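Single-structure report; data block below.
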Amino acid sequence: MSAEFNPQMIQVTGGATGFIPAPENKGKPITVIGTKAIRQTFDEKCLEQAMNSRGAPGVTDLVLNPDAHCGYGAPVGCVLVSPTHIYPGPVGVDIKCSMSLLQMDLPADAVVDRGVRRALINAILERTPTGAGRGQRSARKARKVSTVNGEKVLIEGASPVVCAALGIPQEWASRCEDAFHVGHDDTKDALGNRLAYLIAEGKIPNFEEKVIQLGSYGGGNHFGECEVVELVDNQRARRAAEVFGMKDNCVAFLSHCGSRGMGHRLASGQFRTLQEKFERWGIALPGQDKELVYAPLGTAEANDYLDDMAMGANFATVNHLLINALVLEAFQEVIPGVKGQLVYFISHNIARRERVNGEEAWVHRKGATRAFPAGHYSLIDTPYYETGHPILLPGNPQDGSVVMVADSGAEKSCYSVNHGAGRCKGRKAAIRELDQEKVDAGLAKHDILTNCRVYPKDEAPAAYKDFGEVLRSVEEAGLASPVAKLKARFVIKDAELGLRGAA
DNA sequence: ATGTCC
């Protein structure tokens with residue numbers, strides 16, 4: 001298999017766009033987004049996964065984004081569309097891993113002082129811990145979490161009752177890609193029934209401990225980052241920023257996290273169940289990849305998966321909104337009177353039912369971000385119909401992150417863009433090859449503070465692709481345009497990761 | 001991603 005999958009298989013059509021013919025030339029080709037430099041970053045395993053995913057049962061469209069790299073069954077950084085099947089692998093173990101951005105009514109000058117930034121880091125960490133398990137949040141600061149009914153969170157998502165219990169401003173629900181998710185039959189009763197079954201059967205052990213994780217970041221590539229907003233200087237970007245509620249040269253807070261132990265448990269339970277069934281029934285898997293299990297829509301297996309995915313997604317939604325509420329509280333403790341407003345909350349690990357090619361289909365975005373441009377039917381009755389919705393893309397602390405808005409060209413990528421820079425080095429390779437002093441010096445040079453004594457090498461900017469080249473790909477392909485740049489002032493990560501890598 | 005296989 002070695003020489004079979006390589007970037008030369010991509011046929012370039014220009015404008016950072018190309019295609020790979022589907023396996024045996026059956027059906028639509030894989031759409032590939034990326035400049036020449038980006039196409040060279042797609043390794044064998046990533047391309048093999050893309051081909052397996054494209055040839056999988058019921059799959060009609062596959063898009064490979066510029067940040068694509070090897071993932072679980074399907075590449076991280078791809079879009080998989082099926083009108084007939086649901087695929088748990090291309091949603092992933094961190095159901096509804098997402099980005100959110102909180103805009104502060106606070107000029108950039110307010111976070112120049114390093115003492116103020118240190119105080120903010122500490123106030124934020126007290127409320128929204130990082131790392132495995134429940135983290136180190138103090139009991140006093142965790143009080144809001146212990147008052148919420150965990151079952152309601154899974155069943156209702158960011159409902160008025162749940163938001164009120166957690167001190168989340170109700171208007172933030174309108175700044176979500178989806179504020180809640182319903183079950184396979186479009187009711188929340190389906191979720192209530194499914195959850196009662198899971199709990200009765202002991203399928204979600206330590207349920208309350210998982211609920212307490214609400215308002216925490218977790219580890220890996222998750223982070224919280226204080227930013228200074230630099231609006232792009234053109235009329236369209238200015239208009240979009242106005243609708244998004246973004247303020248030039250002001251402070252904002254960018255968060256990346258997902259559904260924590262709850263989503264992990266729901267997802268891994270589904271993988272186990274489906275893999276056992278495929279084995280028992282002797283059904284061949286696409287490319288013999290057991291991570292590409294699937295369920296035909298309408299079966300009990302698909303219904304159970306859709307219900308579990310919805311509950312994991314509801315947990316992630318409330319987790320993100322609570323983090324934003326707690327981060328705002330932390331800012332207010334350090335800088336009394338400061339105001340904050342959610343700009344947007346948008347996922348990059350979720351399957352959504354959308355219209356593609358004129359029919360309803362499940363659009364699986366695995367490390368990919370929805371990108372509906374102005375006038376898209378789905379944005380009617382939202383604040384974003386005239387502009388398109390905000391697209392939140394983390395790059396890296398040194399080179400910055402970006403807020404974009406979709407262009408009409410996004411149709412060719414099933415209305416999707418990348419979800420970040422994408423890894424170019426595996427974690428082990430990054431820990432082995434990168435120099436700790438250089439990693440820390442890079443952040444220091446940009447005057448970016450962090451809670452980590454040493455920054456995790458496997459999360460260093462050098463472990464990721466060139467973000468500028470990734471964004472060039474998106475713009476040249478006509479998928480989206482920049483609205484604002486986000487310049488990091490401090491970054492909060494799982495500090496234990498760094499200590500591990502420093503050994 | 002995940003107390004990294006309840």
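Labels used: A, B, ... for chains in the order of the structure tokens, numbers from 1 for residues in each chain, and numbers from 1 for ligands as shown.
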Write down, as a list in words, each residue of chain A that has any atom within 6 Å of an atom of chain B, counting only C-alpha atoms (C1' of nucleotides).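 Interface list for chain A against chain B: Val93, Asp94 and Gly133 of chain A.
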As JSON, numbers by chain, which residues of region 187-401 of chain A does DSSP assign to strand (DSSP E or B)? {"A": [218, 223, 224, 225, 226, 227, 228, 229, 230, 231, 250, 251, 252, 253, 254, 255, 256, 257, 295, 296, 340, 341, 342, 343, 344, 345, 346, 347, 349, 350, 351, 352, 353, 354, 355, 356, 359, 360, 361, 362, 363, 364, 365, 366, 369, 370, 373, 388, 391, 392, 393, 394, 395, 396, 400, 401]}
Interatomic distance (Å, one decimal) between CA of Pro296 (chain A) and CA of Gly192 (chain A):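 Computed distance, CA of Pro296 (chain A) to CA of Gly192 (chain A), equals 22.7 Å.
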Taking only C-alpha atoms into account, which of A:Cys452, A:Ala110, A:Leu306, A:Ala284 comes nearest Asn122 (chain A)?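 The shortest atom-to-atom distance to Asn122 (chain A) comes from A:Cys452.
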Atomic distance CA of Glu171 (chain A) - CA of Val403 (chain A), expressed in Å with one decimal: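 For CA of Glu171 (chain A) relative to CA of Val403 (chain A), the distance reads 21.0 Å.
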By how many Å are CA of Ile33 (chain A) and CA of Ser413 (chain A) apart?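 We find that CA of Ile33 (chain A) and CA of Ser413 (chain A) lie 8.1 Å from each other.
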Give me, as a tab-separated table, the closest atom pair and its distance (Å, one decimal) for every residue of region 401-427 of chain A within a cut-off of 12 Å of region 51-61 of chain A, counting only C-alpha atoms, rows sorted by chain and rising number.
residue	atom	partner	partner_atom	distance
A:Glu411	CA	A:Asp61	CA	12.0
A:Lys412	CA	A:Asp61	CA	10.1
A:Ser413	CA	A:Asp61	CA	9.1
A:Cys414	CA	A:Asp61	CA	8.1
A:Tyr415	CA	A:Asp61	CA	11.9
The selected residues should be written to file as an mmCIF file, in the first residue's frame (atoms: C-alpha atoms).
data_model
loop_
_atom_site.group_PDB
_atom_site.id
_atom_site.type_symbol
_atom_site.label_atom_id
_atom_site.label_comp_id
_atom_site.auth_asym_id
_atom_site.auth_seq_id
_atom_site.Cartn_x
_atom_site.Cartn_y
_atom_site.Cartn_z
ATOM 1 C CA GLU A 411 -20.821 25.515 -1.712
ATOM 2 C CA LYS A 412 -18.046 23.402 -3.264
ATOM 3 C CA SER A 413 -16.824 22.316 0.184
ATOM 4 C CA CYS A 414 -20.336 21.399 1.381
ATOM 5 C CA TYR A 415 -20.385 24.770 3.179
#
Could you pull out the residues in region 89-296 of chain A that DSSP calls alpha helix (DSSP H) from the backbone, as number ranges by chain? A: 114-127, 143-146, 150-156, 160-166, 189-200, 207-212, 235-244, 260-281
Return the single residue from A:Leu106, A:Leu443, A:Cys176, A:Leu214 that is closest to Met246 (chain A), with distances computed using only C-alpha atoms.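 When distances to Met246 (chain A) are compared using only C-alpha atoms, the smallest one comes from A:Leu106.
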Please list as a PyMOL selection string every residue within 12 Å of Ala351 (chain A), counting only C-alpha atoms (C1' of nucleotides) and excluding residues in the same chain fewer than 2 positions away. chain A and resi 78-83+85-92+95-97+178+181+305-307+309-310+312-313+347-349+353-354+361-370
Applying 12 Å and only C-alpha atoms (C1' of nucleotides), which residues near Pro390 (chain A) remain after dropping the ones on its own chain fewer than 5 positions away? List them as an mmCIF file with N, CA, C and O atoms, in the first residue's frame.
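Output below, filename out19.cif:
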data_model
loop_
_atom_site.group_PDB
_atom_site.id
_atom_site.type_symbol
_atom_site.label_atom_id
_atom_site.label_comp_id
_atom_site.auth_asym_id
_atom_site.auth_seq_id
_atom_site.Cartn_x
_atom_site.Cartn_y
_atom_site.Cartn_z
ATOM 1 N N MET A 99 -15.429 25.855 19.196
ATOM 2 C CA MET A 99 -14.779 27.131 19.520
ATOM 3 C C MET A 99 -15.849 28.118 19.988
ATOM 4 O O MET A 99 -16.982 28.093 19.490
ATOM 5 N N SER A 100 -15.480 28.987 20.911
ATOM 6 C CA SER A 100 -16.361 30.105 21.238
ATOM 7 C C SER A 100 -15.523 31.355 21.446
ATOM 8 O O SER A 100 -14.333 31.269 21.783
ATOM 9 N N LEU A 101 -16.145 32.505 21.206
ATOM 10 C CA LEU A 101 -15.438 33.786 21.352
ATOM 11 C C LEU A 101 -16.303 34.752 22.141
ATOM 12 O O LEU A 101 -17.472 34.974 21.818
ATOM 13 N N ARG A 175 -26.599 33.069 19.875
ATOM 14 C CA ARG A 175 -25.248 33.205 19.300
ATOM 15 C C ARG A 175 -24.569 31.847 19.195
ATOM 16 O O ARG A 175 -23.340 31.760 19.244
ATOM 17 N N CYS A 176 -25.392 30.787 19.101
ATOM 18 C CA CYS A 176 -24.873 29.425 18.978
ATOM 19 C C CYS A 176 -25.228 28.858 17.609
ATOM 20 O O CYS A 176 -26.333 29.072 17.114
ATOM 21 N N GLU A 177 -24.295 28.112 17.028
ATOM 22 C CA GLU A 177 -24.610 27.364 15.812
ATOM 23 C C GLU A 177 -25.854 26.506 16.072
ATOM 24 O O GLU A 177 -26.770 26.455 15.252
ATOM 25 N N ALA A 237 -15.780 43.396 5.811
ATOM 26 C CA ALA A 237 -15.326 42.881 7.103
ATOM 27 C C ALA A 237 -15.862 43.752 8.236
ATOM 28 O O ALA A 237 -16.292 43.240 9.274
ATOM 29 N N ALA A 240 -19.507 42.942 8.784
ATOM 30 C CA ALA A 240 -19.646 41.645 9.450
ATOM 31 C C ALA A 240 -19.292 41.776 10.931
ATOM 32 O O ALA A 240 -20.008 41.276 11.808
ATOM 33 N N ALA A 241 -18.190 42.480 11.227
ATOM 34 C CA ALA A 241 -17.753 42.644 12.616
ATOM 35 C C ALA A 241 -18.820 43.343 13.443
ATOM 36 O O ALA A 241 -19.038 43.012 14.617
ATOM 37 N N GLU A 242 -19.507 44.303 12.794
ATOM 38 C CA GLU A 242 -20.565 45.028 13.491
ATOM 39 C C GLU A 242 -21.707 44.073 13.872
ATOM 40 O O GLU A 242 -22.189 44.065 15.001
ATOM 41 N N VAL A 243 -22.104 43.237 12.904
ATOM 42 C CA VAL A 243 -23.168 42.266 13.164
ATOM 43 C C VAL A 243 -22.728 41.242 14.211
ATOM 44 O O VAL A 243 -23.512 40.819 15.066
ATOM 45 N N PHE A 244 -21.452 40.857 14.152
ATOM 46 C CA PHE A 244 -20.938 39.854 15.096
ATOM 47 C C PHE A 244 -20.745 40.445 16.505
ATOM 48 O O PHE A 244 -20.530 39.708 17.457
ATOM 49 N N GLY A 245 -20.778 41.775 16.600
ATOM 50 C CA GLY A 245 -20.551 42.418 17.897
ATOM 51 C C GLY A 245 -19.089 42.486 18.281
ATOM 52 O O GLY A 245 -18.754 42.486 19.470
ATOM 53 N N MET A 246 -18.211 42.551 17.269
ATOM 54 C CA MET A 246 -16.773 42.587 17.553
ATOM 55 C C MET A 246 -16.268 44.022 17.601
ATOM 56 O O MET A 246 -16.745 44.877 16.855
ATOM 57 N N LEU A 342 -21.156 37.215 24.097
ATOM 58 C CA LEU A 342 -20.730 36.092 23.256
ATOM 59 C C LEU A 342 -20.806 36.496 21.780
ATOM 60 O O LEU A 342 -21.836 37.017 21.334
ATOM 61 N N VAL A 343 -19.730 36.298 21.040
ATOM 62 C CA VAL A 343 -19.754 36.532 19.596
ATOM 63 C C VAL A 343 -20.384 35.326 18.903
ATOM 64 O O VAL A 343 -21.335 35.454 18.128
ATOM 65 N N TYR A 344 -19.871 34.139 19.200
ATOM 66 C CA TYR A 344 -20.431 32.941 18.576
ATOM 67 C C TYR A 344 -19.866 31.698 19.234
ATOM 68 O O TYR A 344 -18.799 31.749 19.882
ATOM 69 N N PHE A 345 -20.586 30.609 19.058
ATOM 70 C CA PHE A 345 -20.173 29.280 19.521
ATOM 71 C C PHE A 345 -20.401 28.325 18.346
ATOM 72 O O PHE A 345 -21.519 28.210 17.848
ATOM 73 N N ILE A 346 -19.332 27.711 17.857
ATOM 74 C CA ILE A 346 -19.457 26.890 16.642
ATOM 75 C C ILE A 346 -18.561 25.660 16.734
ATOM 76 O O ILE A 346 -17.420 25.730 17.179
ATOM 77 N N SER A 347 -19.110 24.532 16.312
ATOM 78 C CA SER A 347 -18.434 23.250 16.484
ATOM 79 C C SER A 347 -17.568 22.884 15.283
ATOM 80 O O SER A 347 -17.709 23.437 14.196
ATOM 81 N N THR A 369 -15.380 23.173 9.974
ATOM 82 C CA THR A 369 -16.280 24.165 10.528
ATOM 83 C C THR A 369 -17.350 24.532 9.510
ATOM 84 O O THR A 369 -17.041 24.757 8.337
ATOM 85 N N ARG A 370 -18.610 24.587 9.968
ATOM 86 C CA ARG A 370 -19.697 25.007 9.079
ATOM 87 C C ARG A 370 -19.405 26.411 8.558
ATOM 88 O O ARG A 370 -18.869 27.251 9.296
ATOM 89 N N ALA A 371 -19.764 26.646 7.295
ATOM 90 C CA ALA A 371 -19.482 27.940 6.669
ATOM 91 C C ALA A 371 -20.645 28.329 5.758
ATOM 92 O O ALA A 371 -20.572 28.177 4.538
ATOM 93 N N PHE A 372 -21.728 28.827 6.364
ATOM 94 C CA PHE A 372 -22.887 29.288 5.586
ATOM 95 C C PHE A 372 -22.697 30.754 5.223
ATOM 96 O O PHE A 372 -22.577 31.603 6.112
ATOM 97 N N PRO A 373 -22.696 31.081 3.922
ATOM 98 C CA PRO A 373 -22.533 32.485 3.525
ATOM 99 C C PRO A 373 -23.841 33.269 3.666
ATOM 100 O O PRO A 373 -24.892 32.693 3.976
ATOM 101 N N ALA A 374 -23.751 34.567 3.422
ATOM 102 C CA ALA A 374 -24.933 35.431 3.442
ATOM 103 C C ALA A 374 -26.014 34.836 2.552
ATOM 104 O O ALA A 374 -25.734 34.317 1.472
ATOM 105 N N LEU A 379 -29.857 30.449 7.663
ATOM 106 C CA LEU A 379 -29.591 31.620 8.501
ATOM 107 C C LEU A 379 -30.790 32.558 8.599
ATOM 108 O O LEU A 379 -30.730 33.573 9.309
ATOM 109 N N THR A 382 -31.934 34.372 11.845
ATOM 110 C CA THR A 382 -30.789 34.547 12.745
ATOM 111 C C THR A 382 -30.216 35.932 12.457
ATOM 112 O O THR A 382 -30.546 36.547 11.431
ATOM 113 N N PRO A 383 -29.328 36.445 13.324
ATOM 114 C CA PRO A 383 -28.740 37.766 13.070
ATOM 115 C C PRO A 383 -27.786 37.767 11.868
ATOM 116 O O PRO A 383 -27.281 38.819 11.503
ATOM 117 N N TYR A 384 -27.548 36.594 11.256
ATOM 118 C CA TYR A 384 -26.436 36.457 10.306
ATOM 119 C C TYR A 384 -26.868 36.298 8.848
ATOM 120 O O TYR A 384 -26.046 36.004 7.990
ATOM 121 N N TYR A 385 -28.157 36.489 8.583
ATOM 122 C CA TYR A 385 -28.651 36.246 7.230
ATOM 123 C C TYR A 385 -27.999 37.171 6.204
ATOM 124 O O TYR A 385 -27.691 36.752 5.079
ATOM 125 N N VAL A 402 -8.118 33.619 13.835
ATOM 126 C CA VAL A 402 -8.837 34.470 12.901
ATOM 127 C C VAL A 402 -10.345 34.213 12.970
ATOM 128 O O VAL A 402 -10.773 33.110 13.313
ATOM 129 N N VAL A 403 -11.100 35.273 12.712
ATOM 130 C CA VAL A 403 -12.547 35.147 12.526
ATOM 131 C C VAL A 403 -12.812 35.384 11.049
ATOM 132 O O VAL A 403 -12.329 36.363 10.476
ATOM 133 N N MET A 404 -13.540 34.462 10.421
ATOM 134 C CA MET A 404 -13.823 34.591 8.992
ATOM 135 C C MET A 404 -15.331 34.601 8.759
ATOM 136 O O MET A 404 -16.120 34.359 9.679
ATOM 137 N N VAL A 405 -15.698 34.868 7.501
ATOM 138 C CA VAL A 405 -17.092 34.754 7.096
ATOM 139 C C VAL A 405 -17.107 34.087 5.721
ATOM 140 O O VAL A 405 -16.221 34.311 4.899
ATOM 141 N N ALA A 406 -18.090 33.213 5.511
ATOM 142 C CA ALA A 406 -18.093 32.399 4.299
ATOM 143 C C ALA A 406 -18.396 33.218 3.051
ATOM 144 O O ALA A 406 -19.102 34.226 3.097
ATOM 145 N N ASP A 407 -17.830 32.758 1.924
ATOM 146 C CA ASP A 407 -18.145 33.302 0.610
ATOM 147 C C ASP A 407 -18.992 32.280 -0.149
ATOM 148 O O ASP A 407 -19.109 31.124 0.266
ATOM 149 N N VAL A 417 -15.307 24.907 6.102
ATOM 150 C CA VAL A 417 -13.889 25.254 6.018
ATOM 151 C C VAL A 417 -13.128 24.415 7.036
ATOM 152 O O VAL A 417 -13.700 23.541 7.695
ATOM 153 N N ALA A 480 -13.986 31.412 2.128
ATOM 154 C CA ALA A 480 -14.267 32.376 3.195
ATOM 155 C C ALA A 480 -13.246 33.500 3.168
ATOM 156 O O ALA A 480 -12.181 33.374 2.555
ATOM 157 N N SER A 481 -13.592 34.614 3.843
ATOM 158 C CA SER A 481 -12.720 35.796 3.920
ATOM 159 C C SER A 481 -12.544 36.222 5.367
ATOM 160 O O SER A 481 -13.458 36.052 6.184
ATOM 161 N N PRO A 482 -11.380 36.803 5.674
ATOM 162 C CA PRO A 482 -11.127 37.196 7.066
ATOM 163 C C PRO A 482 -11.913 38.433 7.477
ATOM 164 O O PRO A 482 -12.087 39.359 6.683
ATOM 165 N N VAL A 483 -12.379 38.426 8.717
ATOM 166 C CA VAL A 483 -13.075 39.563 9.325
ATOM 167 C C VAL A 483 -12.187 40.216 10.380
ATOM 168 O O VAL A 483 -12.156 41.427 10.509
ATOM 169 N N ALA A 484 -11.483 39.392 11.138
ATOM 170 C CA ALA A 484 -10.626 39.922 12.202
ATOM 171 C C ALA A 484 -9.499 38.960 12.514
ATOM 172 O O ALA A 484 -9.648 37.744 12.361
#
Need the shell around Ala252 (chain A): protein/DNA/RNA residues with any atom at most 7 Å away, counting only C-alpha atoms (C1' of nucleotides). Skip same-chain ones fewer than 2 positions apart. Format as a ChimeraX atom specification? /A:101-104,226-229,250,254
